[in-house]
Amino acid sequence: MKVRLLPWVFMLVLLASCGPVRYPAPLRTADSLASASPDSALALLSRLAADTADAPLACRMYHRLLCIKAADKAYIPHTSDSLIRPVLHYYINKGDPRLLPEAYYYAGRVYRDLGNDLQALSCFQKALESIRQNGDVDTHLKGLVYSQRATLYAYRKMYREALDVYRATLEISVSACDTVGMVYTLRDMANMYRELHRPDSVLPYFKRAKRMADRLRRTDLSRMMQSQLAGAYLEAQAYDSARAALTEALQDVECPSRSVVYSIAAHYYRAIGEADSADFYYRKLLETGTVYAKEKAYRALTERLVRQSGNSELAKLFDGWLLCTDSLKTLRRKAEGLKAYADYDYLKNEQENVRLKERNSRYLYLIIIGATLIIALLAVVVAIGQYYRRIKQEKQEQQRKYLQIISEQQKEKKMLEACLREKKELETMQHEIKKSDGIQDMKKRRRLELISHVLEQNRIEAEENEEAQDALMHSALYAELLRRAHSPRGEGSVSSEEWNALQQLLTAAHPHFLERLEFLCAPNENELHVSLLLKLLFRPADIARLTGLKPGSVSSIRVRLYKKATGESGTADMWDQIVLSL
């Protein structure tokens, strides 16, 4: 019993191994914490590091991916790709396919921090392809990928391309009812319109994002949008509106937004002539701003000190330095723009090449499948043709054998009939033969004697056959078979010795029967027994009792024998007629 259960146990284990990977609960908890509280997720993952050291490979790789994800959400810059490369390689080759898009996404984030924008864009594109292969259900990750691609285009001064990708990001956020994502995307689209020098589209997008943030009752988002509106009002020289928006934005500035808010505040106060307030925020930027904001802050503070010094020579030199710096920036921007578009074209070409290779692979796969199906179909057609040809040949051969036996029987019958007719003709001329001794009469007399001898031999053979048939019908074996044929079912079996004796008696009574039966259909044991009993005039019900077969089986055997003998379909009675005629 245990041996019988082993295959089922093995199948259950195999099915379980083929199912989705079940990760430990602490890792799933860290995954859920990564977005909402990345610091807590990092702390939890740090505590789990020792426990996962001896865990299966799938759990170890999942732990590494979560460490990269939590660090990214905590705004910790990635300084190397040594951690993401083995993770990405694992999920590409044999890992959980559900996590492959996420692995590609964070690989793109790592390469973006490392300054390898081209590699980052390639990873983001592969993340989108993986999402599509998984059923295109992870709309949140898809929106993040589009947003990152658009941001990369924006950093590389490819504003039109970035705007197109932001539009796609907005559609994803709308379809997913992600209002927070819509706020950020509308903000980024407004900034792209600003870079494209389309101020008429800037404020509407900022205001729309602000209204959404207010409906969400997210103070952080509302203040972020107020800072963006302050910058837009400042560019439009609407200083009163800019002051109102900036006052709200400066109430509680979060770390990620400080660089933007302090830059706008510094520019605002510089624009309205409040240099001390501008210097205050410039110095704030030196503490918390990005490298770009710090560069502008250092430049503004240095320029003010130069102007206040009253040294005209120093001011002249500083102006010259500013002019050269701006010229170099313009040249660098143009070079970067050309390089960005060149990289963009290269990436598109690579993606097109990959798409063409995949399409060619699909076409080749379809061609191979089609060719295989055609070859298989031709092979089936040829096999069916050969089968029917063989069936036809066998049918023709059986018909030839059957017709040959019929022809032989007809020849024998015609020969006997011709002999009888010729004997009668010669007997009518016998009285004339006695009157004449001519040569012709002698020939007729000898012919008469020969025919009489042949007929006498046939008579003797017929008498012997009748005697053999009479002996068979009055034999003890036949009587015993008749008794068994009418006995209750289960008592009518015939031994092999009795079958052999019955064949000998039947051969004596019908000398050519077994020979012609074998020639016609080469019967097996059951078919031979059924045919022997039919020749002995047993009823089908009696044959079923003597052979131990069901009545239906006896009928099927008779029908099958007729088809084997003649090559055509027929009834059981038609085979009975052939048996009686042999």
# chains A, B, ... in the order shown; residues from 1 in each chain; ligands from 1
>>> residues_around(residues="Ser227 in chain A", least_positions_apart="6", cutoff="7 Å", atoms="only C-alpha atoms", output="PyMOL selection string")
chain A and resi 245-246+249+261
>>> write_last_selection(atoms="N, CA and C atoms", output="CSV table (one decimal), in the first residue's frame")
chain,number,residue,atom,x,y,z
A,245,ALA,N,1.8,82.3,-1.8
A,245,ALA,CA,2.1,80.9,-2.0
A,245,ALA,C,3.4,80.5,-1.3
A,246,LEU,N,4.4,81.3,-1.3
A,246,LEU,CA,5.7,81.0,-0.6
A,246,LEU,C,5.5,81.0,0.9
A,249,ALA,N,4.3,77.6,1.7
A,249,ALA,CA,5.2,76.6,1.5
A,249,ALA,C,6.3,76.5,2.5
A,261,VAL,N,12.3,74.7,-2.4
A,261,VAL,CA,11.6,75.8,-1.7
A,261,VAL,C,12.6,76.9,-1.4
>>> select_by_dssp(residues="range 50-111 of chain A", states="helix (DSSP H, G or I)", output="PyMOL selection string")
chain A and resi 57-73+84-93+97-111
>>> residues_around(residues="range 28-37 of chain A", least_positions_apart="2", cutoff="10 Å", atoms="only C-alpha atoms", output="list in words")
Arg22, Tyr23, Pro24, Ala25, Pro26, Asp39, Ser40, Ala41, Leu42, Ala43, Leu44, Leu45, Leu48, Tyr62, His63, Leu65, Leu66, Cys67, Ile68, Lys69, Ala70, Ala71, Asp72, Lys73 and Ala74 of chain A
>>> atom_distance(atom1="CA of His140 in chain A", atom2="CA of Asp96 in chain A")
18.8 Å
>>> residues_around(residues="Ser496 in chain A", least_positions_apart="2", cutoff="12 Å", atoms="only C-alpha atoms", output="count of residues only")
12
>>> residues_around(residues="range 570-574 of chain A", least_positions_apart="5", cutoff="8 Å", atoms="only C-alpha atoms", output="short mmCIF file (atom, residue, chain, number, x, y, z; two decimals) with all heavy atoms, in the first residue's frame")
data_model
loop_
_atom_site.label_atom_id
_atom_site.label_comp_id
_atom_site.auth_asym_id
_atom_site.auth_seq_id
_atom_site.Cartn_x
_atom_site.Cartn_y
_atom_site.Cartn_z
N SER A 555 -21.81 -14.30 -32.65
CA SER A 555 -22.27 -13.56 -33.83
C SER A 555 -21.15 -12.67 -34.37
O SER A 555 -20.95 -12.57 -35.60
CB SER A 555 -23.49 -12.72 -33.48
OG SER A 555 -24.56 -13.54 -33.06
N SER A 556 -20.41 -12.00 -33.47
CA SER A 556 -19.31 -11.12 -33.91
C SER A 556 -18.24 -11.92 -34.63
O SER A 556 -17.67 -11.47 -35.64
CB SER A 556 -18.71 -10.41 -32.70
OG SER A 556 -19.68 -9.60 -32.06
N ARG A 558 -18.61 -14.68 -36.35
CA ARG A 558 -19.13 -15.08 -37.68
C ARG A 558 -19.07 -13.91 -38.66
O ARG A 558 -18.68 -14.07 -39.83
CB ARG A 558 -20.55 -15.59 -37.54
CG ARG A 558 -20.63 -16.92 -36.78
CD ARG A 558 -21.94 -17.12 -36.09
NE ARG A 558 -23.06 -17.27 -37.01
CZ ARG A 558 -24.33 -17.08 -36.66
NH1 ARG A 558 -24.63 -16.68 -35.41
NH2 ARG A 558 -25.28 -17.22 -37.56
N VAL A 559 -19.45 -12.72 -38.16
CA VAL A 559 -19.37 -11.53 -39.02
C VAL A 559 -17.92 -11.24 -39.39
O VAL A 559 -17.60 -10.92 -40.55
CB VAL A 559 -20.01 -10.31 -38.32
CG1 VAL A 559 -19.76 -9.03 -39.11
CG2 VAL A 559 -21.50 -10.53 -38.13
N TYR A 562 -16.59 -13.64 -42.01
CA TYR A 562 -17.06 -13.35 -43.37
C TYR A 562 -16.24 -12.23 -44.01
O TYR A 562 -15.87 -12.30 -45.18
CB TYR A 562 -18.54 -12.97 -43.34
CG TYR A 562 -19.10 -12.68 -44.72
CD1 TYR A 562 -19.51 -13.71 -45.56
CD2 TYR A 562 -19.19 -11.37 -45.20
CE1 TYR A 562 -20.00 -13.46 -46.83
CE2 TYR A 562 -19.68 -11.11 -46.47
CZ TYR A 562 -20.08 -12.14 -47.28
OH TYR A 562 -20.55 -11.90 -48.53
N LYS A 563 -15.95 -11.20 -43.21
CA LYS A 563 -15.15 -10.09 -43.75
C LYS A 563 -13.73 -10.52 -44.04
O LYS A 563 -13.13 -10.11 -45.05
CB LYS A 563 -15.16 -8.93 -42.76
CG LYS A 563 -14.49 -7.67 -43.31
CD LYS A 563 -14.75 -6.46 -42.44
CE LYS A 563 -14.19 -5.21 -43.10
NZ LYS A 563 -14.44 -4.00 -42.31
#
>>> residues_around(residues="Arg194 in chain A", least_positions_apart="4", cutoff="10 Å", atoms="only C-alpha atoms", output="ChimeraX atom specification")
/A:159,188-190,198-203,232,235
>>> residues_around(residues="Tyr111 in chain A", least_positions_apart="2", cutoff="12 Å", atoms="only C-alpha atoms", output="ChimeraX atom specification")
/A:72,77-85,104-109,113-124,148,152
>>> atom_distance(atom1="CA of Tyr282 in chain A", atom2="CA of Leu250 in chain A")
14.3 Å
>>> atom_distance(atom1="CA of Leu505 in chain A", atom2="CA of Leu534 in chain A")
14.6 Å
>>> closest_residue(among="A:Gln251, A:Gln226, A:Ser495, A:Thr566", to="Glu397 in chain A", atoms="only C-alpha atoms")
A:Thr566
>>> decode(residues="range 154-188 of chain A", atoms="N, CA, C and O atoms", output="short mmCIF file (atom, residue, chain, number, x, y, z; two decimals), in the first residue's frame")
data_model
loop_
_atom_site.label_atom_id
_atom_site.label_comp_id
_atom_site.auth_asym_id
_atom_site.auth_seq_id
_atom_site.Cartn_x
_atom_site.Cartn_y
_atom_site.Cartn_z
N ALA A 154 14.22 64.38 -18.75
CA ALA A 154 14.24 65.78 -18.32
C ALA A 154 15.64 66.20 -17.90
O ALA A 154 16.10 67.31 -18.22
N TYR A 155 16.35 65.37 -17.15
CA TYR A 155 17.71 65.69 -16.73
C TYR A 155 18.66 65.82 -17.92
O TYR A 155 19.64 66.55 -17.87
N ARG A 156 18.34 65.10 -18.99
CA ARG A 156 19.19 65.17 -20.19
C ARG A 156 18.68 66.21 -21.18
O ARG A 156 19.03 66.19 -22.35
N LYS A 157 17.82 67.13 -20.70
CA LYS A 157 17.29 68.25 -21.49
C LYS A 157 16.43 67.80 -22.66
O LYS A 157 16.25 68.54 -23.63
N MET A 158 15.89 66.58 -22.61
CA MET A 158 15.02 66.08 -23.67
C MET A 158 13.57 66.28 -23.21
O MET A 158 12.85 65.35 -22.87
N TYR A 159 13.16 67.56 -23.22
CA TYR A 159 11.91 67.93 -22.57
C TYR A 159 10.68 67.43 -23.33
O TYR A 159 9.68 67.05 -22.70
N ARG A 160 10.73 67.44 -24.64
CA ARG A 160 9.57 66.97 -25.40
C ARG A 160 9.35 65.46 -25.16
O ARG A 160 8.21 65.01 -24.97
N GLU A 161 10.46 64.70 -25.20
CA GLU A 161 10.34 63.27 -24.94
C GLU A 161 9.85 63.01 -23.52
O GLU A 161 9.01 62.12 -23.27
N ALA A 162 10.37 63.82 -22.57
CA ALA A 162 9.93 63.66 -21.18
C ALA A 162 8.45 63.97 -21.03
O ALA A 162 7.72 63.27 -20.31
N LEU A 163 7.97 65.00 -21.73
CA LEU A 163 6.56 65.38 -21.64
C LEU A 163 5.67 64.26 -22.17
O LEU A 163 4.62 63.95 -21.59
N ASP A 164 6.09 63.63 -23.27
CA ASP A 164 5.30 62.52 -23.82
C ASP A 164 5.21 61.36 -22.83
O ASP A 164 4.14 60.75 -22.65
N VAL A 165 6.32 61.07 -22.17
CA VAL A 165 6.31 59.96 -21.20
C VAL A 165 5.48 60.33 -19.98
O VAL A 165 4.77 59.49 -19.41
N TYR A 166 5.54 61.61 -19.55
CA TYR A 166 4.72 62.04 -18.42
C TYR A 166 3.23 61.92 -18.75
O TYR A 166 2.41 61.62 -17.86
N ARG A 167 2.87 62.18 -19.99
CA ARG A 167 1.46 62.01 -20.37
C ARG A 167 1.03 60.55 -20.20
O ARG A 167 -0.07 60.26 -19.70
N ALA A 168 1.90 59.63 -20.63
CA ALA A 168 1.59 58.21 -20.45
C ALA A 168 1.51 57.86 -18.96
O ALA A 168 0.65 57.07 -18.53
N THR A 169 2.40 58.47 -18.16
CA THR A 169 2.36 58.24 -16.71
C THR A 169 1.05 58.72 -16.11
O THR A 169 0.47 58.07 -15.23
N LEU A 170 0.58 59.87 -16.58
CA LEU A 170 -0.69 60.41 -16.07
C LEU A 170 -1.85 59.48 -16.41
O LEU A 170 -2.75 59.26 -15.58
N GLU A 171 -1.85 58.91 -17.60
CA GLU A 171 -2.92 57.97 -17.98
C GLU A 171 -2.92 56.75 -17.07
O GLU A 171 -3.99 56.27 -16.66
N ILE A 172 -1.72 56.26 -16.73
CA ILE A 172 -1.63 55.10 -15.84
C ILE A 172 -2.16 55.46 -14.46
O ILE A 172 -2.91 54.70 -13.84
N SER A 173 -1.80 56.63 -13.96
CA SER A 173 -2.27 57.06 -12.64
C SER A 173 -3.78 57.23 -12.63
O SER A 173 -4.45 56.88 -11.65
N VAL A 174 -4.34 57.77 -13.72
CA VAL A 174 -5.80 57.95 -13.79
C VAL A 174 -6.50 56.60 -13.79
O VAL A 174 -7.49 56.38 -13.09
N SER A 175 -5.98 55.64 -14.62
CA SER A 175 -6.61 54.32 -14.69
C SER A 175 -6.51 53.58 -13.37
O SER A 175 -7.39 52.79 -13.02
N ALA A 176 -5.43 53.84 -12.61
CA ALA A 176 -5.26 53.17 -11.31
C ALA A 176 -5.87 53.95 -10.17
O ALA A 176 -5.76 53.53 -9.01
N CYS A 177 -6.49 55.10 -10.45
CA CYS A 177 -7.06 55.98 -9.41
C CYS A 177 -6.01 56.38 -8.39
O CYS A 177 -6.29 56.46 -7.18
N ASP A 178 -4.78 56.61 -8.86
CA ASP A 178 -3.67 57.00 -7.99
C ASP A 178 -3.58 58.52 -7.99
O ASP A 178 -2.89 59.13 -8.80
N THR A 179 -4.29 59.14 -7.05
CA THR A 179 -4.34 60.61 -7.01
C THR A 179 -2.98 61.20 -6.65
O THR A 179 -2.60 62.25 -7.19
N VAL A 180 -2.26 60.55 -5.75
CA VAL A 180 -0.92 61.05 -5.38
C VAL A 180 -0.02 61.05 -6.60
O VAL A 180 0.71 62.02 -6.87
N GLY A 181 -0.04 59.95 -7.34
CA GLY A 181 0.76 59.89 -8.56
C GLY A 181 0.35 60.96 -9.55
O GLY A 181 1.20 61.54 -10.26
N MET A 182 -0.94 61.25 -9.64
CA MET A 182 -1.41 62.30 -10.55
C MET A 182 -0.87 63.66 -10.13
O MET A 182 -0.51 64.49 -10.99
N VAL A 183 -0.80 63.93 -8.82
CA VAL A 183 -0.27 65.21 -8.34
C VAL A 183 1.18 65.39 -8.79
O VAL A 183 1.55 66.44 -9.35
N TYR A 184 2.00 64.38 -8.54
CA TYR A 184 3.41 64.48 -8.93
C TYR A 184 3.57 64.58 -10.44
O TYR A 184 4.41 65.35 -10.94
N THR A 185 2.77 63.85 -11.17
CA THR A 185 2.90 63.87 -12.64
C THR A 185 2.47 65.22 -13.21
O THR A 185 3.12 65.75 -14.13
N LEU A 186 1.39 65.78 -12.70
CA LEU A 186 0.96 67.10 -13.16
C LEU A 186 2.02 68.16 -12.84
O LEU A 186 2.28 69.07 -13.65
N ARG A 187 2.65 68.05 -11.68
CA ARG A 187 3.73 68.97 -11.34
C ARG A 187 4.88 68.86 -12.34
O ARG A 187 5.39 69.87 -12.85
N ASP A 188 5.28 67.61 -12.65
CA ASP A 188 6.39 67.41 -13.58
C ASP A 188 6.04 67.86 -14.99
O ASP A 188 6.89 68.42 -15.71
#
